[in-house]
file data18.txt (compact mmCIF, C-alpha atoms)
# COMPACT_ATOMS: atom_id res chain seq x y z
CA MET Q 792 -65.75 -55.96 -56.42
CA GLY Q 793 -68.16 -58.29 -54.64
CA THR Q 794 -69.44 -57.67 -51.18
CA ILE Q 795 -67.19 -59.45 -48.73
CA LEU Q 796 -67.48 -58.75 -45.04
CA THR Q 797 -64.10 -58.77 -43.40
CA VAL Q 798 -63.53 -57.36 -39.93
CA LYS Q 799 -66.08 -57.22 -37.16
CA ARG Q 800 -65.86 -54.08 -35.05
CA HIS Q 801 -68.38 -53.46 -32.31
CA GLY Q 802 -70.95 -55.70 -33.98
CA ASN Q 803 -70.55 -54.13 -37.45
CA TYR Q 804 -68.69 -55.57 -40.38
CA THR Q 805 -66.60 -53.31 -42.56
CA LYS Q 806 -65.62 -53.58 -46.22
CA ARG Q 807 -62.62 -51.30 -45.84
CA LYS Q 808 -60.05 -54.13 -45.58
CA MET Q 809 -61.06 -55.62 -48.95
CA ALA Q 810 -60.24 -52.38 -50.71
CA THR Q 811 -56.67 -52.60 -49.44
CA LEU Q 812 -56.32 -56.28 -50.39
CA PHE Q 813 -57.46 -55.71 -53.94
CA GLY Q 814 -56.28 -52.13 -54.35
CA GLY Q 815 -59.48 -50.91 -55.97
CA ASN Q 816 -59.80 -52.91 -59.19
CA GLY Q 817 -56.64 -54.97 -58.83
CA MET Q 818 -54.92 -57.26 -56.36
CA ASN Q 819 -52.09 -56.13 -54.12
CA ASP Q 820 -48.61 -57.59 -54.61
CA LYS Q 821 -48.53 -59.59 -51.36
CA LEU Q 822 -51.83 -61.35 -52.05
CA ARG Q 823 -50.82 -62.04 -55.66
CA THR Q 824 -47.50 -63.52 -54.48
CA VAL Q 825 -49.13 -65.73 -51.84
CA LEU Q 826 -51.68 -67.12 -54.30
CA LYS Q 827 -49.04 -67.65 -56.98
CA LYS Q 828 -46.86 -69.61 -54.55
CA ARG Q 829 -49.85 -71.66 -53.35
CA TYR Q 830 -50.79 -72.68 -56.91
CA GLU Q 831 -47.17 -73.40 -57.84
CA ALA Q 832 -46.78 -75.55 -54.71
CA ASP Q 833 -49.94 -77.49 -55.59
CA ILE Q 834 -48.53 -78.14 -59.06
CA GLU Q 835 -45.12 -79.25 -57.78
CA ASP Q 836 -46.69 -81.50 -55.13
CA ALA Q 837 -48.87 -83.28 -57.67
CA LYS Q 838 -46.01 -83.63 -60.17
CA TYR Q 839 -43.76 -85.10 -57.47
CA LYS Q 840 -46.38 -87.67 -56.50
CA ILE Q 841 -46.91 -88.64 -60.13
CA LYS Q 842 -43.15 -89.03 -60.53
CA CYS Q 843 -42.99 -91.26 -57.45
CA TYR Q 844 -45.82 -93.43 -58.75
CA SER Q 845 -44.18 -93.85 -62.13
CA GLU Q 846 -40.52 -94.23 -61.13
CA HIS Q 847 -40.97 -96.41 -58.09
CA GLU Q 848 -44.10 -98.23 -59.18
CA LEU Q 849 -45.63 -97.53 -55.80
CA VAL Q 850 -48.78 -99.33 -54.85
CA ILE Q 851 -50.72 -97.81 -51.98
CA PRO Q 852 -52.98 -100.35 -50.24
CA GLU Q 853 -55.78 -97.81 -49.78
CA HIS Q 854 -55.54 -96.77 -53.46
CA PRO Q 855 -54.99 -99.80 -55.68
CA ASP Q 856 -56.14 -97.93 -58.80
CA ILE Q 857 -52.99 -95.97 -59.62
CA THR Q 858 -54.50 -94.71 -62.88
CA ALA Q 859 -57.34 -93.04 -60.99
CA GLU Q 860 -54.90 -91.55 -58.47
CA VAL Q 861 -52.71 -90.09 -61.22
CA ASP Q 862 -55.84 -88.78 -62.94
CA LYS Q 863 -56.80 -86.95 -59.71
CA LEU Q 864 -53.31 -85.49 -59.45
CA LEU Q 865 -53.46 -84.31 -63.06
CA GLN Q 866 -56.78 -82.64 -62.27
CA LYS Q 867 -55.10 -80.78 -59.39
CA VAL Q 868 -52.33 -79.60 -61.74
CA ALA Q 869 -54.89 -78.45 -64.31
CA GLU Q 870 -56.92 -76.55 -61.70
CA ALA Q 871 -53.86 -74.81 -60.26
CA GLU Q 872 -52.60 -73.87 -63.75
CA ASP Q 873 -56.05 -72.52 -64.65
CA LYS Q 874 -56.11 -70.42 -61.49
CA LEU Q 875 -52.65 -69.03 -62.25
CA ALA Q 876 -53.73 -68.15 -65.78
CA VAL Q 877 -56.91 -66.42 -64.59
CA MET Q 878 -54.98 -64.50 -61.94
CA ARG Q 879 -52.42 -63.35 -64.52
CA LEU Q 880 -55.15 -62.39 -66.96
CA HIS Q 881 -57.39 -60.46 -64.60
CA TYR Q 882 -54.99 -59.36 -61.87
CA GLY Q 883 -51.68 -58.96 -63.68
CA LYS Q 884 -49.42 -56.17 -62.49
CA LYS Q 885 -49.70 -54.15 -65.67
CA GLU Q 886 -52.98 -53.30 -67.34
CA ALA Q 887 -51.29 -53.51 -70.75
CA ASP Q 888 -50.26 -57.13 -70.11
CA ARG Q 889 -53.84 -58.33 -69.88
CA GLN Q 890 -55.22 -60.27 -72.80
CA VAL Q 891 -58.80 -60.67 -73.89
CA LEU Q 892 -60.08 -64.25 -74.04

call {"tool": "encode", "arguments": {"input": "data18.txt", "output": "structure tokens"}}
result
Amino acid sequence: MGTILTVKRHGNYTKRKMATLFGGNGMNDKLRTVLKKRYEADIEDAKYKIKCYSEHELVIPEHPDITAEVDKLLQKVAEAEDKLAVMRLHYGKKEADRQVL
């Protein structure tokens, strides 16, 4: 675990809170759930915008290059999917479920 300073008490930072967030070598269920939902929301948001561009042939005055905009959205989907995969690989609930790259 890296050194992350968390809570300042009387001028001193403590590392104690990080141990509870990551549960030693892993990640606690609440943090895992929040991150999973964040990445899934990023994916759904980008997919919805791509769908709107393609179905409604929307042209945004500030962004006339729709191809570039869709490319950016696809990049967001790829990044969120990569983060989900890494989280599952390294911080999955069960040690036995982890795969080696």

call {"tool": "atom_distance", "arguments": {"input": "data18.txt", "atom1": "CA of Val825 in chain Q", "atom2": "CA of Val868 in chain Q"}}
result
17.3 Å

call {"tool": "atom_distance", "arguments": {"input": "data18.txt", "atom1": "CA of Gly883 in chain Q", "atom2": "CA of Glu870 in chain Q"}}
result
18.5 Å

call {"tool": "closest_residue", "arguments": {"input": "data18.txt", "among": "Q:Lys821, Q:Lys827, Q:Lys842, Q:His847", "to": "Met878 in chain Q", "atoms": "all atoms listed in the file"}}
result
Q:Lys827

call {"tool": "closest_residue", "arguments": {"input": "data18.txt", "among": "Q:Lys840, Q:His881, Q:Lys874, Q:Arg829", "to": "Glu860 in chain Q", "atoms": "only C-alpha atoms"}}
result
Q:Lys840

call {"tool": "closest_residue", "arguments": {"input": "data18.txt", "among": "Q:Lys838, Q:Arg823, Q:Lys828, Q:Arg879", "to": "Lys867 in chain Q", "atoms": "only C-alpha atoms"}}
result
Q:Lys838

call {"tool": "atom_distance", "arguments": {"input": "data18.txt", "atom1": "CA of Ala832 in chain Q", "atom2": "CA of Val861 in chain Q"}}
result
17.0 Å

call {"tool": "residues_around", "arguments": {"input": "data18.txt", "residues": "Gln866 in chain Q", "least_positions_apart": "5", "cutoff": "12 Å", "atoms": "only C-alpha atoms", "output": "list in words"}}
result
Asp833, Ile834, Ala837, Lys838, Ile841, Ala859, Glu860, Val861, Ala871, Glu872 and Asp873 of chain Q

call {"tool": "build_atoms", "arguments": {"input": "data18.txt", "residues": "range 817-845 of chain Q", "atoms": "N, CA and C atoms", "output": "PDB file, in the frame of the given file"}}
result
ATOM      1  N   GLY Q 817     -57.668 -53.942 -58.684  1.00  0.00           N
ATOM      2  CA  GLY Q 817     -56.640 -54.970 -58.830  1.00  0.00           C
ATOM      3  C   GLY Q 817     -56.422 -55.754 -57.556  1.00  0.00           C
ATOM      4  N   MET Q 818     -55.288 -56.439 -57.492  1.00  0.00           N
ATOM      5  CA  MET Q 818     -54.920 -57.260 -56.360  1.00  0.00           C
ATOM      6  C   MET Q 818     -53.559 -56.772 -55.881  1.00  0.00           C
ATOM      7  N   ASN Q 819     -53.370 -56.636 -54.578  1.00  0.00           N
ATOM      8  CA  ASN Q 819     -52.090 -56.130 -54.120  1.00  0.00           C
ATOM      9  C   ASN Q 819     -50.990 -57.175 -54.323  1.00  0.00           C
ATOM     10  N   ASP Q 820     -49.753 -56.724 -54.302  1.00  0.00           N
ATOM     11  CA  ASP Q 820     -48.610 -57.590 -54.610  1.00  0.00           C
ATOM     12  C   ASP Q 820     -48.472 -58.758 -53.639  1.00  0.00           C
ATOM     13  N   LYS Q 821     -48.691 -58.524 -52.359  1.00  0.00           N
ATOM     14  CA  LYS Q 821     -48.530 -59.590 -51.360  1.00  0.00           C
ATOM     15  C   LYS Q 821     -49.544 -60.711 -51.594  1.00  0.00           C
ATOM     16  N   LEU Q 822     -50.800 -60.348 -51.799  1.00  0.00           N
ATOM     17  CA  LEU Q 822     -51.830 -61.350 -52.050  1.00  0.00           C
ATOM     18  C   LEU Q 822     -51.551 -62.108 -53.338  1.00  0.00           C
ATOM     19  N   ARG Q 823     -51.148 -61.405 -54.381  1.00  0.00           N
ATOM     20  CA  ARG Q 823     -50.820 -62.040 -55.660  1.00  0.00           C
ATOM     21  C   ARG Q 823     -49.670 -63.039 -55.480  1.00  0.00           C
ATOM     22  N   THR Q 824     -48.660 -62.646 -54.707  1.00  0.00           N
ATOM     23  CA  THR Q 824     -47.500 -63.520 -54.480  1.00  0.00           C
ATOM     24  C   THR Q 824     -47.893 -64.763 -53.694  1.00  0.00           C
ATOM     25  N   VAL Q 825     -48.701 -64.598 -52.661  1.00  0.00           N
ATOM     26  CA  VAL Q 825     -49.130 -65.730 -51.840  1.00  0.00           C
ATOM     27  C   VAL Q 825     -49.932 -66.728 -52.676  1.00  0.00           C
ATOM     28  N   LEU Q 826     -50.877 -66.226 -53.457  1.00  0.00           N
ATOM     29  CA  LEU Q 826     -51.680 -67.120 -54.300  1.00  0.00           C
ATOM     30  C   LEU Q 826     -50.828 -67.813 -55.350  1.00  0.00           C
ATOM     31  N   LYS Q 827     -49.923 -67.072 -55.954  1.00  0.00           N
ATOM     32  CA  LYS Q 827     -49.040 -67.650 -56.980  1.00  0.00           C
ATOM     33  C   LYS Q 827     -48.223 -68.797 -56.374  1.00  0.00           C
ATOM     34  N   LYS Q 828     -47.659 -68.574 -55.197  1.00  0.00           N
ATOM     35  CA  LYS Q 828     -46.860 -69.610 -54.550  1.00  0.00           C
ATOM     36  C   LYS Q 828     -47.720 -70.812 -54.157  1.00  0.00           C
ATOM     37  N   ARG Q 829     -48.952 -70.560 -53.717  1.00  0.00           N
ATOM     38  CA  ARG Q 829     -49.850 -71.660 -53.350  1.00  0.00           C
ATOM     39  C   ARG Q 829     -50.126 -72.538 -54.573  1.00  0.00           C
ATOM     40  N   TYR Q 830     -50.474 -71.918 -55.703  1.00  0.00           N
ATOM     41  CA  TYR Q 830     -50.790 -72.680 -56.910  1.00  0.00           C
ATOM     42  C   TYR Q 830     -49.553 -73.408 -57.434  1.00  0.00           C
ATOM     43  N   GLU Q 831     -48.400 -72.749 -57.392  1.00  0.00           N
ATOM     44  CA  GLU Q 831     -47.170 -73.400 -57.840  1.00  0.00           C
ATOM     45  C   GLU Q 831     -46.814 -74.581 -56.950  1.00  0.00           C
ATOM     46  N   ALA Q 832     -47.040 -74.445 -55.643  1.00  0.00           N
ATOM     47  CA  ALA Q 832     -46.780 -75.550 -54.710  1.00  0.00           C
ATOM     48  C   ALA Q 832     -47.725 -76.717 -54.975  1.00  0.00           C
ATOM     49  N   ASP Q 833     -48.982 -76.423 -55.259  1.00  0.00           N
ATOM     50  CA  ASP Q 833     -49.940 -77.490 -55.590  1.00  0.00           C
ATOM     51  C   ASP Q 833     -49.487 -78.246 -56.834  1.00  0.00           C
ATOM     52  N   ILE Q 834     -49.001 -77.516 -57.821  1.00  0.00           N
ATOM     53  CA  ILE Q 834     -48.530 -78.140 -59.060  1.00  0.00           C
ATOM     54  C   ILE Q 834     -47.305 -79.019 -58.788  1.00  0.00           C
ATOM     55  N   GLU Q 835     -46.334 -78.489 -58.068  1.00  0.00           N
ATOM     56  CA  GLU Q 835     -45.120 -79.250 -57.780  1.00  0.00           C
ATOM     57  C   GLU Q 835     -45.413 -80.487 -56.928  1.00  0.00           C
ATOM     58  N   ASP Q 836     -46.320 -80.370 -55.969  1.00  0.00           N
ATOM     59  CA  ASP Q 836     -46.690 -81.500 -55.130  1.00  0.00           C
ATOM     60  C   ASP Q 836     -47.300 -82.621 -55.966  1.00  0.00           C
ATOM     61  N   ALA Q 837     -48.223 -82.272 -56.822  1.00  0.00           N
ATOM     62  CA  ALA Q 837     -48.870 -83.280 -57.670  1.00  0.00           C
ATOM     63  C   ALA Q 837     -47.868 -83.914 -58.636  1.00  0.00           C
ATOM     64  N   LYS Q 838     -47.008 -83.094 -59.233  1.00  0.00           N
ATOM     65  CA  LYS Q 838     -46.010 -83.630 -60.170  1.00  0.00           C
ATOM     66  C   LYS Q 838     -45.032 -84.568 -59.464  1.00  0.00           C
ATOM     67  N   TYR Q 839     -44.659 -84.232 -58.238  1.00  0.00           N
ATOM     68  CA  TYR Q 839     -43.760 -85.100 -57.470  1.00  0.00           C
ATOM     69  C   TYR Q 839     -44.414 -86.449 -57.189  1.00  0.00           C
ATOM     70  N   LYS Q 840     -45.673 -86.420 -56.790  1.00  0.00           N
ATOM     71  CA  LYS Q 840     -46.380 -87.670 -56.500  1.00  0.00           C
ATOM     72  C   LYS Q 840     -46.530 -88.524 -57.745  1.00  0.00           C
ATOM     73  N   ILE Q 841     -46.819 -87.888 -58.876  1.00  0.00           N
ATOM     74  CA  ILE Q 841     -46.910 -88.640 -60.130  1.00  0.00           C
ATOM     75  C   ILE Q 841     -45.560 -89.267 -60.464  1.00  0.00           C
ATOM     76  N   LYS Q 842     -44.494 -88.518 -60.264  1.00  0.00           N
ATOM     77  CA  LYS Q 842     -43.150 -89.030 -60.530  1.00  0.00           C
ATOM     78  C   LYS Q 842     -42.849 -90.239 -59.636  1.00  0.00           C
ATOM     79  N   CYS Q 843     -43.215 -90.143 -58.366  1.00  0.00           N
ATOM     80  CA  CYS Q 843     -42.990 -91.260 -57.450  1.00  0.00           C
ATOM     81  C   CYS Q 843     -43.772 -92.500 -57.882  1.00  0.00           C
ATOM     82  N   TYR Q 844     -45.019 -92.298 -58.282  1.00  0.00           N
ATOM     83  CA  TYR Q 844     -45.820 -93.430 -58.750  1.00  0.00           C
ATOM     84  C   TYR Q 844     -45.175 -94.096 -59.959  1.00  0.00           C
ATOM     85  N   SER Q 845     -44.688 -93.279 -60.893  1.00  0.00           N
ATOM     86  CA  SER Q 845     -44.180 -93.850 -62.130  1.00  0.00           C
ATOM     87  C   SER Q 845     -42.765 -94.418 -61.996  1.00  0.00           C
TER      88      SER Q 845
END
